Amino acid sequence: MTTTQQLTEMELRDRLIKQLEDVVKFPYQIDTEVPVPYKHIYIPTDNNTKLELWCFKQDITIYKVLFDKTVKQKDSRISKEEETIIDVILEKDSGQNSHHVGLPFVILELKKGQPNTHEILTYSQKAELIKTIFPYCQFLFLIQGPISARTYRHGINFDEIISLNDVNDIQEIKELKRTLKKHFEISLSKLSKLTGTNHKRKIK
C-alpha cells in the first residue's frame with residue numbers, strides 16, 4: 001500500500017482534487033492542469049497584428065472558463081464591423097485542446113517536500129505574472145511536510161503558504177477546504193472592487 005510520503009507530486013495532486021471537488025459550485029469549477037494566461041505578446045505583421053496569449057498549466061485551480069477546450073490555437077480574433085483587427089494566437093499547453101483555459105480565482109500550487117530557493121523564486125515570479133493579468137487571483141503555495149524559512153523569505157507573491165502532512169487526514173483536508181473557500185471569497189471581494197462603479201462625491 002502506498003503511503004502519503006511515497007506519493008509522487010502528481011499522485012498527491014490527484015488525491016487532493018478528489019477531496020476538493022465540492023469546494024465551489026457552477027459556474028465556478030475546480031480542476032487540475034488548468035492553463036492560465038500569464039503573458040500577452042503583441043507582434044506586428046504585414047497584415048494584422050498578432051496577439052499571443054501564453055499560458056501556464058496550474059496544479060489545482062478554482063476558475064471560470066475563459067476559452068473552452070474546443071477553441072483551437074488560431075480560432076480567435078478581435079474584429080470591428082467584421083474586419084479583423086488582431087489575430088489571437090492561443091498557446092494553451094502541449095496538448096492544446098486537452099483543457100479549458102481558465103479565468104482563475106484561486107490557484108493552488110503543490111510541491112512534494114521543501115523546494116529549493118530557485119524553485120521558490122520561479123513560482124513567486126509565476127504568481128506575479130499571473131496577477132498582472134488577473135489582479136484579483138489568489139495564489140497559494142502548498143508544501144507537503146515542513147516549511148523552511150526561505151519559503152517565506154522568497155515567496156513574496158504567495159497569498160498563503162500551506163503545509164500539508166497527510167493527504168488522508170480528514171482534519172487537514174477540512175482545514176485546506178476552509179482555506180480555499182476563504183481565499184475564493186477574498187478573490188470575489190477584490191473583483192467586486194475592480195468592477196464597481198466609481199461614484200463621484202456630490203458637492204453640496
# chains A, B, ... in the order shown; residues from 1 in each chain; ligands from 1

$ select_by_dssp --residues "stretch 13-60 of chain A" --states "alpha helix (DSSP H)" --output "VMD selection string"
chain A and resid 13 to 20

$ select_by_dssp --residues "chain A" --states "strand (DSSP E or B)" --output "count of residues only"
72

$ atom_distance --atom1 "atom CA of A:Gly102" --atom2 "atom CA of A:Val24"
14.6 Å

$ closest_residue --among "A:Glu52, A:Glu33, A:Glu11, A:Asp59" --to "A:Arg77" --atoms "only C-alpha atoms"
A:Glu52

$ closest_residue --among "A:Thr45, A:Thr61, A:Asn116, A:Ser163" --to "A:Ile85" --atoms "only C-alpha atoms"
A:Thr45

$ atom_distance --atom1 "atom CA of A:Leu90" --atom2 "atom CA of A:Ile30"
21.5 Å

$ residues_around --residues "A:Asp87" --least-positions-apart "4" --cutoff "7 Å" --atoms "only C-alpha atoms" --output "CSV table (one decimal) with N, CA and C atoms, in the first residue's frame"
chain,number,residue,atom,x,y,z
A,48,ASN,N,-2.3,41.8,-40.2
A,48,ASN,CA,-2.9,42.2,-38.9
A,48,ASN,C,-1.9,41.9,-37.8
A,49,THR,N,-2.1,42.7,-36.7
A,49,THR,CA,-1.3,42.5,-35.5
A,49,THR,C,-1.7,41.1,-34.9
A,50,LYS,N,-0.7,40.4,-34.4
A,50,LYS,CA,-1.0,39.1,-33.7
A,50,LYS,C,-0.8,39.3,-32.2
A,51,LEU,N,-1.8,38.8,-31.5
A,51,LEU,CA,-1.8,38.8,-30.1
A,51,LEU,C,-1.6,37.4,-29.6
A,76,SER,N,-9.4,32.4,-32.8
A,76,SER,CA,-9.9,33.7,-32.3
A,76,SER,C,-9.3,34.9,-32.9
A,77,ARG,N,-10.1,36.0,-32.8
A,77,ARG,CA,-9.7,37.3,-33.4
A,77,ARG,C,-10.5,38.4,-32.8
A,78,ILE,N,-9.9,39.6,-32.8
A,78,ILE,CA,-10.6,40.8,-32.4
A,78,ILE,C,-11.0,41.6,-33.7

$ residues_around --residues "A:Tyr123" --least-positions-apart "2" --cutoff "9 Å" --atoms "only C-alpha atoms" --output "CSV table (one decimal) with all heavy atoms, in the first residue's frame"
chain,number,residue,atom,x,y,z
A,109,GLU,N,-0.7,25.8,-5.9
A,109,GLU,CA,0.5,25.2,-6.5
A,109,GLU,C,1.1,24.2,-5.5
A,109,GLU,O,1.2,24.5,-4.3
A,109,GLU,CB,1.5,26.2,-6.9
A,109,GLU,CG,2.6,25.7,-7.8
A,109,GLU,CD,2.1,25.4,-9.2
A,109,GLU,OE1,1.3,26.1,-9.7
A,109,GLU,OE2,2.6,24.4,-9.7
A,118,HIS,N,15.7,28.4,-5.8
A,118,HIS,CA,15.4,28.7,-7.2
A,118,HIS,C,14.0,28.4,-7.6
A,118,HIS,O,13.3,29.2,-8.3
A,118,HIS,CB,16.4,27.9,-8.1
A,118,HIS,CG,16.0,28.1,-9.6
A,118,HIS,ND1,16.3,29.2,-10.3
A,118,HIS,CD2,15.4,27.2,-10.5
A,118,HIS,CE1,15.9,29.1,-11.6
A,118,HIS,NE2,15.4,27.9,-11.7
A,119,GLU,N,13.5,27.3,-7.1
A,119,GLU,CA,12.1,26.9,-7.4
A,119,GLU,C,11.1,27.9,-6.7
A,119,GLU,O,10.1,28.3,-7.3
A,119,GLU,CB,11.8,25.5,-6.8
A,119,GLU,CG,12.5,24.4,-7.6
A,119,GLU,CD,12.3,23.0,-7.0
A,119,GLU,OE1,12.5,22.9,-5.8
A,119,GLU,OE2,11.9,22.1,-7.7
A,120,ILE,N,11.4,28.3,-5.5
A,120,ILE,CA,10.5,29.2,-4.8
A,120,ILE,C,10.5,30.5,-5.6
A,120,ILE,O,9.4,31.1,-5.8
A,120,ILE,CB,11.0,29.5,-3.4
A,120,ILE,CG1,11.0,28.2,-2.6
A,120,ILE,CG2,10.1,30.6,-2.7
A,120,ILE,CD1,11.7,28.3,-1.2
A,121,LEU,N,11.6,31.1,-6.0
A,121,LEU,CA,11.7,32.3,-6.8
A,121,LEU,C,10.9,32.2,-8.1
A,121,LEU,O,10.2,33.1,-8.5
A,121,LEU,CB,13.1,32.7,-7.0
A,121,LEU,CG,13.9,33.2,-5.8
A,121,LEU,CD1,15.4,33.3,-6.1
A,121,LEU,CD2,13.3,34.5,-5.3
A,125,GLN,N,7.6,34.3,-9.1
A,125,GLN,CA,7.6,35.1,-10.3
A,125,GLN,C,6.3,34.8,-11.1
A,125,GLN,O,5.7,35.6,-11.7
A,125,GLN,CB,8.8,35.0,-11.1
A,125,GLN,CG,8.9,35.9,-12.3
A,125,GLN,CD,10.1,35.6,-13.2
A,125,GLN,OE1,10.6,34.5,-13.3
A,125,GLN,NE2,10.6,36.6,-13.9
A,126,LYS,N,6.1,33.5,-11.2
A,126,LYS,CA,4.9,33.0,-11.9
A,126,LYS,C,3.6,33.6,-11.3
A,126,LYS,O,2.7,34.1,-12.1
A,126,LYS,CB,4.8,31.5,-11.8
A,126,LYS,CG,3.6,30.9,-12.6
A,126,LYS,CD,3.3,29.4,-12.2
A,126,LYS,CE,4.4,28.5,-12.8
A,126,LYS,NZ,4.0,27.1,-12.6
A,127,ALA,N,3.5,33.6,-10.0
A,127,ALA,CA,2.4,34.2,-9.3
A,127,ALA,C,2.3,35.7,-9.7
A,127,ALA,O,1.2,36.2,-10.0
A,127,ALA,CB,2.5,34.1,-7.8
A,128,GLU,N,3.4,36.4,-9.7
A,128,GLU,CA,3.4,37.9,-10.0
A,128,GLU,C,2.9,38.1,-11.5
A,128,GLU,O,2.1,39.0,-11.7
A,128,GLU,CB,4.8,38.4,-9.9
A,128,GLU,CG,4.9,39.9,-10.1
A,128,GLU,CD,6.3,40.5,-10.0
A,128,GLU,OE1,7.3,39.7,-10.1
A,128,GLU,OE2,6.4,41.7,-9.7
A,141,PHE,N,0.5,28.5,-2.1
A,141,PHE,CA,1.7,27.6,-2.3
A,141,PHE,C,1.6,26.5,-1.2
A,141,PHE,O,1.8,26.8,0.0
A,141,PHE,CB,3.0,28.3,-2.2
A,141,PHE,CG,4.2,27.6,-2.8
A,141,PHE,CD1,4.2,27.3,-4.1
A,141,PHE,CD2,5.3,27.4,-2.0
A,141,PHE,CE1,5.3,26.6,-4.7
A,141,PHE,CE2,6.4,26.8,-2.6
A,141,PHE,CZ,6.4,26.4,-3.9
A,155,GLY,N,9.1,33.8,-1.1
A,155,GLY,CA,7.7,33.6,-1.7
A,155,GLY,C,6.9,34.8,-1.5
A,155,GLY,O,5.7,34.7,-1.0
A,157,ASN,N,5.2,36.7,-3.4
A,157,ASN,CA,3.9,36.9,-4.2
A,157,ASN,C,2.9,35.8,-3.9
A,157,ASN,O,1.8,35.8,-4.5
A,157,ASN,CB,4.2,36.9,-5.7
A,157,ASN,CG,5.1,38.1,-6.1
A,157,ASN,OD1,4.7,39.2,-5.9
A,157,ASN,ND2,6.2,37.8,-6.7
A,158,PHE,N,3.2,35.0,-2.9
A,158,PHE,CA,2.2,34.0,-2.4
A,158,PHE,C,1.2,34.6,-1.4
A,158,PHE,O,1.6,35.3,-0.5
A,158,PHE,CB,2.9,32.8,-1.8
A,158,PHE,CG,3.9,32.1,-2.6
A,158,PHE,CD1,5.0,31.5,-2.1
A,158,PHE,CD2,3.8,32.1,-4.0
A,158,PHE,CE1,5.9,30.8,-2.9
A,158,PHE,CE2,4.7,31.4,-4.8
A,158,PHE,CZ,5.8,30.8,-4.2

$ closest_residue --among "A:Ile161, A:Lys112, A:Leu191, A:Lys177" --to "A:Pro135" --atoms "only C-alpha atoms"
A:Leu191
